[in-house]
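Chemist: This is my_file-v2.tsv, which holds TSV, C-alpha atoms:
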```tsv
chain	number	residue	atom	x	y	z
A	74	MET	CA	-127.32	-159.34	211.71
A	75	SER	CA	-130.47	-157.60	212.78
A	76	ARG	CA	-131.90	-158.17	216.19
A	77	PRO	CA	-135.49	-159.39	216.28
A	78	SER	CA	-136.65	-156.07	217.74
A	79	GLU	CA	-135.44	-154.28	214.60
A	80	LEU	CA	-137.53	-156.55	212.44
A	81	SER	CA	-140.68	-156.29	214.48
A	82	VAL	CA	-143.65	-154.19	213.39
A	83	VAL	CA	-145.67	-152.17	215.84
A	84	CYS	CA	-149.23	-153.43	215.61
A	85	ASP	CA	-151.18	-151.00	217.74
A	86	PRO	CA	-154.91	-150.64	217.09
A	87	ALA	CA	-154.36	-147.62	214.81
A	88	LYS	CA	-151.92	-149.60	212.68
A	89	LEU	CA	-154.23	-152.61	212.55
A	90	ARG	CA	-157.08	-150.36	211.48
A	91	ARG	CA	-154.94	-148.93	208.70
A	92	VAL	CA	-153.83	-152.38	207.54
A	93	ALA	CA	-157.43	-153.62	207.54
A	94	THR	CA	-158.67	-150.60	205.58
A	95	VAL	CA	-155.92	-150.72	202.95
A	96	ALA	CA	-156.31	-154.48	202.53
A	97	PHE	CA	-160.07	-154.19	202.16
A	98	ALA	CA	-159.76	-151.32	199.66
A	99	ALA	CA	-157.31	-153.44	197.67
A	100	GLY	CA	-159.83	-156.28	197.48
A	101	VAL	CA	-159.12	-158.54	200.44
A	102	SER	CA	-162.26	-159.76	202.22
A	103	LEU	CA	-162.93	-159.18	205.91
A	104	ARG	CA	-162.56	-162.90	206.64
A	105	GLN	CA	-159.20	-162.99	204.86
A	106	ILE	CA	-158.02	-159.92	206.80
A	107	GLU	CA	-159.10	-161.65	210.01
A	108	ASP	CA	-157.10	-164.74	208.99
A	109	VAL	CA	-153.97	-162.68	208.29
A	110	PHE	CA	-154.20	-160.97	211.68
A	111	GLU	CA	-154.49	-164.38	213.33
A	112	VAL	CA	-151.22	-165.40	211.68
A	113	LEU	CA	-149.39	-162.18	212.53
A	114	LEU	CA	-150.61	-161.53	216.07
A	115	PRO	CA	-150.40	-163.58	219.28
A	116	ALA	CA	-153.40	-165.82	219.88
A	117	GLY	CA	-156.45	-163.91	221.03
A	118	ARG	CA	-154.87	-160.49	220.38
A	119	GLY	CA	-156.26	-159.93	216.91
A	120	PRO	CA	-159.41	-157.90	216.27
A	121	ASP	CA	-162.55	-159.92	215.65
A	122	HIS	CA	-164.57	-159.89	212.48
A	123	SER	CA	-167.07	-157.29	213.65
A	124	THR	CA	-164.34	-154.92	214.82
A	125	ILE	CA	-162.58	-155.10	211.46
A	126	GLY	CA	-165.93	-154.58	209.74
A	127	ARG	CA	-166.65	-151.51	211.85
A	128	TRP	CA	-163.19	-150.02	211.20
A	129	VAL	CA	-163.57	-150.50	207.48
A	130	LYS	CA	-167.11	-149.13	207.46
A	131	ASP	CA	-166.11	-145.99	209.40
A	132	GLU	CA	-163.18	-145.36	207.04
A	133	ALA	CA	-165.43	-145.99	204.04
A	134	VAL	CA	-167.82	-143.29	205.24
A	135	LYS	CA	-164.84	-140.91	205.54
A	136	ALA	CA	-163.78	-141.82	202.01
A	137	GLY	CA	-167.18	-140.66	200.73
A	138	GLN	CA	-166.70	-137.29	202.43
A	139	VAL	CA	-163.15	-136.83	201.14
A	140	LEU	CA	-164.28	-137.74	197.63
A	141	VAL	CA	-166.75	-134.83	197.46
A	142	PRO	CA	-164.11	-132.09	196.92
A	143	LEU	CA	-161.87	-134.49	194.96
A	144	ASP	CA	-164.67	-135.42	192.54
A	145	ASP	CA	-165.53	-131.77	192.12
A	146	ALA	CA	-161.91	-130.95	191.22
A	147	CYS	CA	-161.66	-133.92	188.86
A	148	ALA	CA	-164.90	-133.04	187.07
A	149	LYS	CA	-163.38	-129.72	185.98
A	150	THR	CA	-160.46	-131.42	184.27
A	151	VAL	CA	-162.09	-134.50	182.74
A	152	LEU	CA	-163.09	-133.93	179.12
A	153	ASN	CA	-163.45	-137.54	177.98
A	154	LEU	CA	-165.28	-140.03	180.12
A	155	ALA	CA	-165.35	-143.80	179.66
A	156	LEU	CA	-168.60	-145.12	181.11
A	157	ASP	CA	-169.80	-148.58	181.97
A	158	GLU	CA	-172.45	-150.01	184.21
A	159	ILE	CA	-171.98	-152.67	186.82
A	160	PHE	CA	-174.49	-154.18	189.24
A	161	SER	CA	-173.46	-153.99	192.85
A	162	GLU	CA	-176.55	-154.98	194.79
A	163	GLY	CA	-178.71	-158.05	195.14
A	164	THR	CA	-177.68	-161.51	194.08
A	165	ARG	CA	-174.80	-160.58	191.81
A	166	PRO	CA	-176.58	-160.58	188.41
A	167	TRP	CA	-173.37	-159.03	187.03
A	168	SER	CA	-171.71	-162.42	186.78
A	169	GLY	CA	-174.12	-163.47	184.06
A	170	SER	CA	-175.13	-160.26	182.39
A	171	SER	CA	-171.93	-158.28	182.35
A	172	ARG	CA	-169.19	-159.57	180.15
A	173	ARG	CA	-165.67	-159.72	181.47
A	174	ALA	CA	-163.25	-157.22	179.99
B	25	MET	CA	-166.98	-133.54	180.41
B	26	GLU	CA	-167.53	-133.07	176.70
B	27	PHE	CA	-167.39	-136.59	175.33
B	28	ALA	CA	-168.46	-139.90	176.82
B	29	VAL	CA	-167.60	-143.25	175.35
B	30	SER	CA	-169.53	-146.35	176.37
B	31	ASP	CA	-171.25	-149.46	175.13
B	32	ALA	CA	-174.77	-149.27	173.73
B	33	ALA	CA	-176.46	-149.60	177.13
B	34	LYS	CA	-179.71	-147.65	177.20
B	35	GLY	CA	-179.21	-146.68	180.84
B	36	ILE	CA	-175.97	-144.86	180.05
B	37	ALA	CA	-177.51	-143.08	177.05
B	38	SER	CA	-180.44	-142.06	179.22
B	39	GLY	CA	-178.11	-140.78	181.95
B	40	LEU	CA	-176.16	-138.70	179.44
B	41	ALA	CA	-179.39	-137.30	178.02
B	42	GLY	CA	-180.27	-136.28	181.58
B	43	VAL	CA	-176.94	-134.48	182.00
B	44	ALA	CA	-177.49	-132.69	178.70
B	45	ARG	CA	-180.98	-131.60	179.85
B	46	GLN	CA	-179.56	-130.29	183.13
B	47	ARG	CA	-176.95	-128.31	181.24
B	48	ARG	CA	-179.54	-126.79	178.94
B	49	ALA	CA	-181.69	-125.86	181.91
B	50	ALA	CA	-178.67	-124.18	183.52
B	51	ASP	CA	-177.75	-122.37	180.26
B	52	ASP	CA	-174.51	-124.33	180.22
B	53	ALA	CA	-173.31	-124.43	176.62
B	54	THR	CA	-170.64	-127.10	177.22
B	55	PRO	CA	-171.07	-129.67	174.44
B	56	LEU	CA	-171.81	-133.26	175.35
B	57	ALA	CA	-171.50	-136.04	172.78
B	58	GLN	CA	-171.55	-139.79	173.13
B	59	GLY	CA	-169.36	-142.24	171.27
B	60	LEU	CA	-170.02	-145.94	170.93
B	61	ASP	CA	-167.19	-148.00	172.27
B	62	LEU	CA	-165.06	-149.68	169.63
B	63	PHE	CA	-164.04	-152.31	172.18
B	64	HIS	CA	-167.47	-153.96	172.28
B	65	THR	CA	-167.95	-153.84	168.51
B	66	ALA	CA	-164.56	-155.47	167.93
B	67	HIS	CA	-165.22	-158.01	170.67
B	68	GLU	CA	-168.55	-158.98	169.12
B	69	ALA	CA	-167.05	-159.22	165.63
B	70	THR	CA	-164.18	-161.36	166.84
B	71	GLY	CA	-166.68	-163.78	168.36
B	72	VAL	CA	-168.69	-164.05	165.13
B	73	LEU	CA	-165.54	-164.62	163.10
B	74	SER	CA	-164.24	-167.26	165.51
B	75	ARG	CA	-167.47	-169.20	165.17
B	76	ALA	CA	-167.35	-168.83	161.37
B	77	TRP	CA	-163.76	-170.10	161.29
B	78	ARG	CA	-164.67	-173.08	163.43
B	79	GLY	CA	-167.50	-173.89	161.00
B	80	ALA	CA	-165.17	-173.64	158.00
B	81	GLU	CA	-162.55	-175.80	159.71
B	82	ALA	CA	-165.20	-178.41	160.52
B	83	ALA	CA	-166.30	-178.46	156.87
B	84	TRP	CA	-162.65	-178.87	155.83
B	85	ALA	CA	-162.21	-181.78	158.27
B	86	LYS	CA	-165.33	-183.46	156.87
B	87	ALA	CA	-163.99	-183.11	153.34
B	88	GLU	CA	-160.69	-184.67	154.37
B	89	ALA	CA	-162.55	-187.53	156.06
B	90	SER	CA	-164.56	-188.13	152.90
B	91	ASP	CA	-161.27	-188.39	150.94
B	92	VAL	CA	-160.17	-191.10	153.36
B	93	ARG	CA	-163.41	-192.99	152.68
B	94	VAL	CA	-162.77	-192.80	148.92
B	95	ALA	CA	-159.21	-194.09	149.35
B	96	THR	CA	-160.42	-196.91	151.62
B	97	SER	CA	-163.08	-197.96	149.14
B	98	LYS	CA	-160.55	-198.03	146.31
B	99	ARG	CA	-158.06	-199.97	148.36
B	100	GLN	CA	-160.70	-202.54	149.20
B	101	GLY	CA	-161.64	-202.79	145.52
B	102	LEU	CA	-165.15	-201.44	146.13
B	103	ASP	CA	-167.11	-199.17	143.85
B	104	ALA	CA	-165.95	-195.70	144.99
B	105	ARG	CA	-168.17	-193.62	142.73
B	106	GLY	CA	-170.76	-192.88	145.42
B	107	VAL	CA	-168.26	-191.85	148.09
B	108	ALA	CA	-166.23	-189.94	145.50
B	109	LYS	CA	-169.31	-187.94	144.59
B	110	ALA	CA	-169.96	-187.26	148.27
B	111	ALA	CA	-166.32	-186.26	148.73
B	112	ALA	CA	-166.48	-183.82	145.82
B	113	ALA	CA	-169.60	-182.24	147.33
B	114	ALA	CA	-167.90	-182.06	150.74
B	115	TRP	CA	-164.90	-180.28	149.20
B	116	ARG	CA	-167.18	-177.82	147.41
B	117	ARG	CA	-168.86	-177.04	150.73
B	118	ALA	CA	-165.49	-176.73	152.48
B	119	VAL	CA	-164.08	-174.37	149.85
B	120	ARG	CA	-167.28	-172.32	149.87
B	121	ALA	CA	-167.19	-172.10	153.69
B	122	LEU	CA	-163.54	-171.05	153.63
B	123	GLU	CA	-164.12	-168.41	150.96
B	124	ASP	CA	-167.13	-167.18	152.84
B	125	VAL	CA	-165.30	-166.74	156.13
B	126	GLU	CA	-162.34	-165.11	154.37
B	127	GLY	CA	-164.78	-162.67	152.78
B	128	GLN	CA	-166.31	-161.93	156.18
B	129	GLU	CA	-162.91	-161.39	157.71
B	130	MET	CA	-161.87	-159.00	154.95
B	131	ALA	CA	-165.14	-157.10	155.27
B	132	TRP	CA	-164.71	-156.82	159.04
B	133	ARG	CA	-161.12	-155.59	158.58
B	134	ARG	CA	-162.45	-152.94	156.23
B	135	ALA	CA	-165.06	-151.86	158.78
B	136	ARG	CA	-162.48	-151.89	161.56
B	137	ALA	CA	-160.05	-149.80	159.51
B	138	ALA	CA	-162.84	-147.28	158.97
B	139	LEU	CA	-162.74	-146.65	162.71
B	140	ASP	CA	-159.05	-145.72	162.76
B	141	LEU	CA	-157.84	-142.14	163.09
B	142	PHE	CA	-155.81	-142.41	159.88
B	143	ASP	CA	-156.03	-144.23	156.58
B	144	ALA	CA	-153.24	-146.56	155.42
B	145	GLU	CA	-151.20	-143.67	153.97
B	146	GLY	CA	-151.42	-141.48	157.04
B	147	GLY	CA	-154.24	-139.25	155.82
B	148	LEU	CA	-156.71	-138.18	158.46
B	149	ASN	CA	-159.84	-140.27	158.49
B	150	ASP	CA	-163.16	-138.46	158.59
B	151	ARG	CA	-166.72	-139.31	159.45
B	152	SER	CA	-168.21	-139.39	155.95
B	153	ARG	CA	-165.38	-141.57	154.63
B	154	ALA	CA	-165.71	-143.89	157.61
B	155	GLU	CA	-169.47	-144.21	157.16
B	156	ALA	CA	-169.07	-144.97	153.46
B	157	GLU	CA	-166.45	-147.63	154.22
B	158	ILE	CA	-168.65	-149.17	156.90
B	159	ALA	CA	-171.63	-149.27	154.54
B	160	ALA	CA	-169.50	-151.03	151.92
B	161	ALA	CA	-168.17	-153.50	154.47
B	162	LEU	CA	-171.62	-154.26	155.84
B	163	ALA	CA	-172.74	-155.45	152.39
B	164	ASN	CA	-170.56	-158.50	153.07
B	165	LEU	CA	-171.40	-158.89	156.74
B	166	VAL	CA	-174.86	-160.37	156.35
B	167	GLY	CA	-176.88	-162.91	158.29
B	168	PRO	CA	-178.28	-162.98	161.80
B	169	GLU	CA	-174.86	-163.59	163.33
B	170	TRP	CA	-173.71	-160.15	162.17
B	171	LYS	CA	-176.85	-158.34	163.30
B	172	THR	CA	-175.40	-156.97	166.55
B	173	VAL	CA	-172.13	-155.87	164.93
B	174	GLY	CA	-174.13	-154.30	162.09
B	175	ASN	CA	-176.30	-152.39	164.55
B	176	PHE	CA	-173.21	-151.10	166.37
B	177	LEU	CA	-171.51	-150.06	163.12
B	178	ARG	CA	-174.62	-148.37	161.69
B	179	ASP	CA	-175.07	-146.40	164.90
B	180	ARG	CA	-173.74	-142.91	164.18
B	181	ARG	CA	-172.24	-142.78	167.66
B	182	SER	CA	-169.60	-145.25	166.40
B	183	THR	CA	-168.00	-142.52	164.31
B	184	ALA	CA	-168.69	-139.62	166.69
B	185	PHE	CA	-165.04	-139.56	167.78
B	186	LEU	CA	-164.02	-138.63	164.23
B	187	GLY	CA	-166.33	-135.64	164.13
B	188	ARG	CA	-165.06	-134.47	167.50
B	189	MET	CA	-161.44	-135.05	166.47
B	190	HIS	CA	-161.82	-132.83	163.39
B	191	GLU	CA	-163.55	-130.09	165.36
B	192	GLN	CA	-160.74	-130.09	167.91
B	193	LEU	CA	-158.04	-130.24	165.23
B	194	GLU	CA	-159.49	-127.24	163.43
B	195	GLU	CA	-159.51	-125.37	166.69
B	196	ALA	CA	-155.95	-126.46	167.51
B	197	GLU	CA	-154.54	-125.62	164.08
B	198	PRO	CA	-156.83	-123.52	161.84
B	199	ARG	CA	-154.39	-123.64	158.88
B	200	GLU	CA	-155.42	-126.74	156.94
B	201	GLU	CA	-152.02	-127.42	155.36
B	202	TRP	CA	-150.26	-127.23	158.69
B	203	ARG	CA	-152.95	-129.31	160.34
B	204	LEU	CA	-152.61	-132.13	157.81
B	205	ALA	CA	-148.82	-131.97	157.84
B	206	MET	CA	-148.60	-132.09	161.62
B	207	ALA	CA	-151.14	-134.93	161.76
B	208	TRP	CA	-149.11	-136.86	159.18
B	209	ARG	CA	-145.95	-136.29	161.19
B	210	TRP	CA	-147.74	-137.58	164.31
B	211	TRP	CA	-148.97	-140.64	162.41
B	212	GLY	CA	-145.45	-141.35	161.15
B	213	ARG	CA	-144.01	-141.11	164.62
B	214	HIS	CA	-146.69	-143.26	166.26
B	215	ARG	CA	-147.64	-145.80	163.62
B	216	ARG	CA	-146.92	-149.46	164.04
B	217	SER	CA	-144.48	-150.87	161.52
B	218	THR	CA	-146.27	-153.07	159.01
B	219	GLY	CA	-143.18	-154.86	157.73
B	220	PRO	CA	-140.55	-154.13	155.12
B	221	ALA	CA	-141.24	-151.13	152.91
B	222	ASP	CA	-139.56	-149.33	150.03
B	223	PRO	CA	-136.23	-148.13	151.60
B	224	ARG	CA	-136.27	-144.92	149.50
B	225	LEU	CA	-139.71	-144.08	150.80
B	226	GLU	CA	-138.60	-144.97	154.32
B	227	LEU	CA	-135.74	-142.47	154.01
B	228	ILE	CA	-138.01	-139.66	152.83
B	229	GLU	CA	-140.52	-140.39	155.56
B	230	ALA	CA	-137.85	-140.63	158.26
B	231	VAL	CA	-136.52	-137.21	157.24
B	232	ALA	CA	-140.00	-135.74	157.21
B	233	TRP	CA	-141.01	-137.23	160.56
B	234	GLY	CA	-137.67	-136.75	162.29
B	235	ARG	CA	-136.84	-133.25	160.98
B	236	PRO	CA	-136.38	-130.69	163.79
B	237	LEU	CA	-139.20	-128.16	163.77
B	238	GLY	CA	-139.05	-124.40	164.11
B	239	GLN	CA	-140.75	-122.84	167.10
B	240	ALA	CA	-144.06	-122.11	165.37
B	241	GLU	CA	-144.11	-125.58	163.85
B	242	ASP	CA	-143.24	-127.13	167.17
B	243	GLU	CA	-146.11	-125.36	168.90
B	244	SER	CA	-148.49	-126.36	166.14
B	245	TYR	CA	-147.32	-129.97	166.38
B	246	ALA	CA	-147.82	-129.97	170.15
B	247	ARG	CA	-151.41	-128.74	169.76
B	248	VAL	CA	-152.24	-131.27	167.04
B	249	SER	CA	-150.55	-134.07	169.00
B	250	ALA	CA	-152.60	-133.28	172.08
B	251	VAL	CA	-155.83	-133.66	170.10
B	252	LEU	CA	-154.78	-136.90	168.42
B	253	ALA	CA	-153.44	-138.43	171.62
B	254	GLY	CA	-156.63	-137.45	173.43
B	255	THR	CA	-159.04	-138.89	170.87
B	256	VAL	CA	-160.83	-141.71	172.64
B	257	ARG	CA	-162.51	-144.55	170.75
B	258	ALA	CA	-162.75	-147.29	173.33
B	259	SER	CA	-163.66	-147.50	176.97
B	260	SER	CA	-160.80	-149.88	177.70
B	261	ALA	CA	-159.95	-147.95	180.85
B	262	VAL	CA	-163.32	-148.54	182.44
B	263	GLU	CA	-163.39	-152.14	181.27
B	264	GLY	CA	-160.05	-152.67	182.99
B	265	MET	CA	-161.40	-151.05	186.13
B	266	ASN	CA	-164.52	-153.19	186.00
B	267	SER	CA	-162.48	-156.35	185.72
B	268	VAL	CA	-160.77	-155.37	188.99
B	269	LEU	CA	-164.07	-154.49	190.61
B	270	ARG	CA	-165.77	-157.73	189.55
B	271	LYS	CA	-162.94	-159.71	191.05
B	272	GLN	CA	-163.44	-157.82	194.29
B	273	GLN	CA	-167.20	-158.29	194.17
B	274	SER	CA	-166.66	-162.01	194.27
B	275	ASN	CA	-164.73	-161.51	197.54
B	276	HIS	CA	-167.35	-159.41	199.28
B	277	LYS	CA	-170.88	-160.45	200.14
B	278	ARG	CA	-172.27	-156.97	199.60
B	279	MET	CA	-170.91	-153.93	197.84
B	280	THR	CA	-172.34	-150.77	199.37
B	281	GLN	CA	-171.81	-147.21	198.15
B	282	GLU	CA	-169.43	-146.61	201.07
B	283	MET	CA	-167.33	-149.62	200.07
B	284	LEU	CA	-167.23	-148.38	196.48
B	285	ASP	CA	-166.12	-144.96	197.74
B	286	LEU	CA	-163.29	-146.52	199.74
B	287	LYS	CA	-162.11	-148.56	196.75
B	288	ARG	CA	-162.42	-145.56	194.44
B	289	LEU	CA	-160.27	-143.39	196.67
B	290	TYR	CA	-157.75	-146.22	197.00
B	291	TRP	CA	-157.42	-146.77	193.25
B	292	ASN	CA	-157.42	-143.07	192.40
B	293	SER	CA	-154.51	-142.51	194.76
B	294	HIS	CA	-152.79	-145.80	194.01
B	295	ARG	CA	-149.38	-145.38	192.40
B	296	LEU	CA	-149.23	-147.58	189.32
B	297	LYS	CA	-146.40	-150.08	189.35
B	298	ALA	CA	-146.06	-150.78	185.63
B	299	GLY	CA	-147.06	-149.57	182.18
B	300	LYS	CA	-146.80	-146.19	180.53
B	301	ARG	CA	-148.42	-144.48	183.53
B	302	LYS	CA	-145.96	-146.05	185.96
B	303	ASP	CA	-144.94	-144.26	189.18
B	304	SER	CA	-147.95	-141.95	189.36
B	305	CYS	CA	-151.52	-142.33	190.52
B	306	PRO	CA	-154.65	-141.39	188.51
B	307	TYR	CA	-155.09	-138.14	190.49
B	308	GLN	CA	-151.55	-137.12	189.51
B	309	HIS	CA	-152.19	-138.02	185.88
B	310	LEU	CA	-155.26	-135.83	185.93
B	311	GLY	CA	-153.14	-132.91	187.11
B	312	LEU	CA	-154.57	-132.51	190.61
B	313	ARG	CA	-152.22	-130.88	193.09
B	314	LEU	CA	-152.81	-132.41	196.52
B	315	PRO	CA	-150.81	-132.10	199.75
B	316	SER	CA	-150.38	-135.88	199.62
B	317	PHE	CA	-151.30	-138.66	197.22
B	318	ASP	CA	-150.97	-141.29	199.92
B	319	PHE	CA	-154.27	-143.15	200.31
B	320	TRP	CA	-154.22	-143.23	204.09
B	321	GLU	CA	-153.21	-139.59	204.46
B	322	LEU	CA	-155.90	-138.53	202.01
B	323	LEU	CA	-158.45	-140.57	203.91
B	324	GLN	CA	-157.54	-138.80	207.15
B	325	THR	CA	-157.70	-135.33	205.56
B	326	ASP	CA	-160.39	-132.95	206.73
B	327	PRO	CA	-162.81	-132.61	203.77
B	328	GLY	CA	-163.29	-128.90	204.53
B	329	GLN	CA	-159.54	-128.30	204.35
B	330	LEU	CA	-159.33	-130.30	201.14
B	331	THR	CA	-162.12	-128.20	199.64
B	332	GLN	CA	-160.13	-125.06	200.43
B	333	ASP	CA	-156.90	-126.52	199.01
B	334	LEU	CA	-158.61	-127.51	195.81
B	335	SER	CA	-160.71	-124.38	195.33
B	336	GLY	CA	-157.59	-122.36	194.50
B	337	GLN	CA	-156.69	-124.88	191.81
B	338	LYS	CA	-160.21	-124.79	190.45
B	339	ASP	CA	-159.88	-121.08	189.86
B	340	ALA	CA	-156.55	-121.67	188.12
B	341	VAL	CA	-158.14	-124.33	185.89
```
What does the file become when written as structure tokens?

Modeler:
Amino acid sequence: MSRPSELSVVCDPAKLRRVATVAFAAGVSLRQIEDVFEVLLPAGRGPDHSTIGRWVKDEAVKAGQVLVPLDDACAKTVLNLALDEIFSEGTRPWSGSSRRA
Amino acid sequence: MEFAVSDAAKGIASGLAGVARQRRAADDATPLAQGLDLFHTAHEATGVLSRAWRGAEAAWAKAEASDVRVATSKRQGLDARGVAKAAAAAWRRAVRALEDVEGQEMAWRRARAALDLFDAEGGLNDRSRAEAEIAAALANLVGPEWKTVGNFLRDRRSTAFLGRMHEQLEEAEPREEWRLAMAWRWWGRHRRSTGPADPRLELIEAVAWGRPLGQAEDESYARVSAVLAGTVRASSAVEGMNSVLRKQQSNHKRMTQEMLDLKRLYWNSHRLKAGKRKDSCPYQHLGLRLPSFDFWELLQTDPGQLTQDLSGQKDAV
């Protein structure tokens, strides 16, 4: 039988930042991430909404920089491109004008 | 990029025209063609047919109800001539509606088949044949409800993939006999079974499709296969991606470019869990060689170092 210490997960700030970023990239909202941290961590030890938002934003900026060389490499190998347009700003007009796949 | 497939959005066409202009200005001779997505045409046609079937079924139900009225009148000893006349008219309308929708469905199937890579016998489809078939089918797809489908089908971009496929096939296998034979073999090995067939024919075809090839034949088959497997008619991939993105949009108040970048990197390095592309991520499928395909590790990579790592591969490509 495993001791509790073997089942525990280290949740240092770096790990929390990683969890928040991966969850957000996978589609989980900041509020939902905050809720999950509240369940997993002792009361008052979880990062607040603005901290999670800042972590995710900083990592998102890094993603843009990493994508520059990756996009360049991909562009050389892509011969066929499937294109579509999607609205991502404003009051979500996509829900009415863009048909679901 | 040599070929883009999309819906009929003017913004996309305009963007592609811009790319083509930039290439011309830079003396870049790389071809750039646009194909109209079969997905949207088929989706639109399915909607029209569904509505037509519902109309025909409603007419049928009315005719059945009028029969009940005739029977009731007769049972009650009333003069049933009036309701019988109405019932006969209702049945005429129902039959006409049913025949009409069956005709539309057959015509659409003909148009849809014109957008396949092969005909029913495994012969390669071509653009002029497809356009002739579409024109014939459109003669029976009339009325305002078919206007959008008709516009999509008449648009020459709908058959652009066939022109491109033939150009690539000729390049891959210049010998016409070999090209057709290898394409037929590919069709036989990839076609969907359409039910019981003549067993003698099945035997001949199985021998022809399953026969081991010599080295030259094998190389020819590989080249032809690559073209056929890479012929794109529908933008299903991007539609699938959009369905994921839309779901995520409903979770987030705002979707900034940075957020999109984060999600793009995540999905491009995300190892697929199921399907024919299982166990690899999109970057791997594209043939990129990276020190790691782990999302987090990629995210922490120095962009300058990544540029250096990838520049060697670029030269190799």

Chemist: Would you mind reading off the distance between atom CA of B:Trp77 and atom CA of B:Val125, one decimal, in Å?

Modeler: 6.3 Å

Chemist: What residues in chain B lie within 6 Å of chain A, counting all atoms listed in the file, written as a ChimeraX atom specification?

Modeler: /B:25-30,259,262-263,267,272,275-276,279,282-283,285-287,323,327,331

Chemist: Skip B:Met206 itself and residues of its chain fewer than 2 positions away, then list as a ChimeraX atom specification all residues within 12 Å of it, counting all atoms listed in the file.

Modeler: /B:146-148,193,196-204,208-213,232-235,237,240-252

Chemist: How far is it from atom CA of B:Ala253 to atom CA of B:Arg301, in Å with one decimal?

Modeler: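 Those two atoms sit 14.3 Å apart.
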
Chemist: Any idea what's packed within 12 Å of A:Arg118, counting only C-alpha atoms, ignoring anything in its chain fewer than 5 positions away? Could you give it as a list in words?

Modeler: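 Near neighbours after the sequence-gap exclusion: Cys84, Asp85, Pro86, Leu89, Glu107, Phe110, Glu111, Val112 and Leu113 of chain A.
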
Chemist: Just to confirm, what's the straight-line distance from atom CA of B:Arg188 to atom CA of B:Leu62 in Å (one decimal)?

Modeler: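 Taking atom CA of B:Arg188 as the start and atom CA of B:Leu62 as the end point, the length is 15.4 Å.
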
Chemist: Put a box with edges along x, y and z around all the listed atoms of stretch 175-179 of chain B, pad it by 8 Å on each side, then give me its centre and sizes in Å, one decimal, as lines of an AutoDock Vina configuration file.

Modeler:
```
center_x = -173.9
center_y = -149.4
center_z = 164.0
size_x = 20.8
size_y = 22.0
size_z = 20.7
```

Chemist: Excluding same-chain residues fewer than 5 positions from B:Ala104, what lies within 9 Å of it counting only C-alpha atoms, as a list in words?

Modeler: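 Here the qualifying residues turn out to be Arg93, Val94, Ala95, Thr96, Ser97, Lys98 and Lys109 of chain B.
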
Chemist: Restricting the calculation to all atoms listed in the file, which member of B:Ser90, B:Gln281, B:Thr54, B:Thr70 is positioned closest to B:Ala111?

Modeler: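 Ranked by minimum distance to B:Ala111, first place goes to B:Ser90.
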
Chemist: Pull the neighbourhood of (-160.6, -155.8, 208.9) for me: all residues within 6 Å in file coordinates, counting only C-alpha atoms, as a list in words.

Modeler: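 Every polymer residue passing the test: Ala93, Leu103, Ile106, Ile125 and Gly126 of chain A.
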
Chemist: Store the residues of this selection in a file with C-alpha atoms, as an mmCIF file, in the coordinates of the input.

Modeler:
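Final output, saved to result_3.cif:
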```
data_model
loop_
_atom_site.group_PDB
_atom_site.id
_atom_site.type_symbol
_atom_site.label_atom_id
_atom_site.label_comp_id
_atom_site.auth_asym_id
_atom_site.auth_seq_id
_atom_site.Cartn_x
_atom_site.Cartn_y
_atom_site.Cartn_z
ATOM 1 C CA ALA A 93 -157.430 -153.620 207.540
ATOM 2 C CA LEU A 103 -162.930 -159.180 205.910
ATOM 3 C CA ILE A 106 -158.020 -159.920 206.800
ATOM 4 C CA ILE A 125 -162.580 -155.100 211.460
ATOM 5 C CA GLY A 126 -165.930 -154.580 209.740
#
```
